[in-house]
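Below is one structure; the comments refer to it alone.
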Amino acid sequence: MQYEEELMSTLTRRTPERDADLIALAGSHGYRVDDPDGRVGTVDGVVAGAWSDRPDAIEVRVGLFRPAVLVVGVSEIAAVDPARRRVVLGTTVDLADAYLS
């Protein structure tokens, strides 16, 4: 019984934080996007999810002389910092994926 209470309290604590990140992500157009290796690009668009204030993905504009768009799912986003206008990804992005198609 105690284990279930601990699990529920953990789930309750984490849910509002993640919702706050998604709401901040919804207003992230123009933010810089970084991965563990450095700058990736700029948020060019937000892909709406089932809820209008909770996106499913962001579109990241990459490249300077040959621009392309890379779609990054919400599950790949580690943090959103509205004060610094920055989105931080949890894993390194292969920019070649943006040029395939």
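We name chains A, B, ... following the order of the structure tokens; residues begin at 1 in each chain, and ligands are numbered from 1 as shown.
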Show me, as a PDB file with N, CA and C atoms, in the first residue's frame, the residues that have an atom within 8 Å of range 26-30 of chain A when counting only C-alpha atoms, minus same-chain residues fewer than 5 positions from it.
```pdb
ATOM      1  N   THR A  42      16.543  26.883 -35.185  1.00  0.00           N
ATOM      2  CA  THR A  42      15.543  27.762 -34.597  1.00  0.00           C
ATOM      3  C   THR A  42      14.162  27.154 -34.777  1.00  0.00           C
ATOM      4  N   VAL A  43      13.312  27.278 -33.760  1.00  0.00           N
ATOM      5  CA  VAL A  43      11.940  26.780 -33.875  1.00  0.00           C
ATOM      6  C   VAL A  43      11.224  27.600 -34.944  1.00  0.00           C
ATOM      7  N   ASP A  44      10.777  26.911 -35.986  1.00  0.00           N
ATOM      8  CA  ASP A  44      10.103  27.571 -37.105  1.00  0.00           C
ATOM      9  C   ASP A  44       8.595  27.374 -37.037  1.00  0.00           C
ATOM     10  N   GLY A  45       8.159  26.363 -36.303  1.00  0.00           N
ATOM     11  CA  GLY A  45       6.739  26.102 -36.174  1.00  0.00           C
ATOM     12  C   GLY A  45       6.469  25.103 -35.070  1.00  0.00           C
ATOM     13  N   VAL A  46       5.225  25.081 -34.633  1.00  0.00           N
ATOM     14  CA  VAL A  46       4.800  24.153 -33.592  1.00  0.00           C
ATOM     15  C   VAL A  46       3.694  23.292 -34.187  1.00  0.00           C
ATOM     16  N   ASP A  53      -3.133  23.643 -26.784  1.00  0.00           N
ATOM     17  CA  ASP A  53      -2.029  24.220 -26.022  1.00  0.00           C
ATOM     18  C   ASP A  53      -0.929  23.215 -25.708  1.00  0.00           C
ATOM     19  N   ARG A  54      -1.031  22.010 -26.251  1.00  0.00           N
ATOM     20  CA  ARG A  54      -0.030  20.983 -26.004  1.00  0.00           C
ATOM     21  C   ARG A  54       0.420  20.381 -27.329  1.00  0.00           C
ATOM     22  N   PRO A  55       1.549  20.848 -27.851  1.00  0.00           N
ATOM     23  CA  PRO A  55       2.009  20.379 -29.156  1.00  0.00           C
ATOM     24  C   PRO A  55       2.535  18.948 -29.139  1.00  0.00           C
ATOM     25  N   PRO A  82      11.816  29.655 -21.394  1.00  0.00           N
ATOM     26  CA  PRO A  82      11.261  30.880 -21.987  1.00  0.00           C
ATOM     27  C   PRO A  82      12.095  32.128 -21.671  1.00  0.00           C
ATOM     28  N   ARG A  85      14.725  31.998 -24.105  1.00  0.00           N
ATOM     29  CA  ARG A  85      14.180  31.684 -25.434  1.00  0.00           C
ATOM     30  C   ARG A  85      14.947  30.503 -26.058  1.00  0.00           C
ATOM     31  N   ARG A  86      14.963  29.390 -25.306  1.00  0.00           N
ATOM     32  CA  ARG A  86      15.748  28.242 -25.720  1.00  0.00           C
ATOM     33  C   ARG A  86      14.990  26.940 -25.499  1.00  0.00           C
ATOM     34  N   VAL A  87      15.124  26.017 -26.450  1.00  0.00           N
ATOM     35  CA  VAL A  87      14.621  24.645 -26.338  1.00  0.00           C
ATOM     36  C   VAL A  87      15.847  23.742 -26.341  1.00  0.00           C
TER      37      VAL A  87
END
```
Give me the residues near Ala96 in chain A as a JSON list (two decimals) with N, CA and C atoms, in the first residue's frame, where near means some atom within 12 Å (using only C-alpha atoms) and where sequence neighbours in that chain fewer than 6 positions away do not count.
```json
[["chain", "number", "residue", "atom", "x", "y", "z"],
["A", 40, "VAL", "N", 21.43, 23.68, -32.85],
["A", 40, "VAL", "CA", 20.84, 22.89, -33.93],
["A", 40, "VAL", "C", 20.16, 23.83, -34.93],
["A", 62, "VAL", "N", 16.97, 24.42, -39.86],
["A", 62, "VAL", "CA", 18.42, 24.17, -39.74],
["A", 62, "VAL", "C", 19.11, 24.62, -41.02],
["A", 63, "GLY", "N", 20.38, 24.85, -40.92],
["A", 63, "GLY", "CA", 21.17, 25.21, -42.09],
["A", 63, "GLY", "C", 21.16, 26.70, -42.37],
["A", 66, "ARG", "N", 21.84, 26.30, -47.00],
["A", 66, "ARG", "CA", 20.90, 25.33, -47.55],
["A", 66, "ARG", "C", 19.89, 24.98, -46.46],
["A", 67, "PRO", "N", 18.92, 25.87, -46.23],
["A", 67, "PRO", "CA", 17.98, 25.65, -45.12],
["A", 67, "PRO", "C", 17.08, 24.44, -45.34],
["A", 68, "ALA", "N", 16.72, 23.83, -44.25],
["A", 68, "ALA", "CA", 15.80, 22.69, -44.26],
["A", 68, "ALA", "C", 15.03, 22.71, -42.94],
["A", 69, "VAL", "N", 14.00, 21.87, -42.86],
["A", 69, "VAL", "CA", 13.20, 21.78, -41.64],
["A", 69, "VAL", "C", 13.29, 20.36, -41.09],
["A", 70, "LEU", "N", 13.56, 20.27, -39.80],
["A", 70, "LEU", "CA", 13.64, 19.00, -39.09],
["A", 70, "LEU", "C", 12.50, 18.96, -38.09]]
```
Calculated over only C-alpha atoms, which of the candidates A:Asp56, A:Asp35, A:Asp97, A:Glu76 has the smallest distance to Ile23 in chain A?
A:Asp56
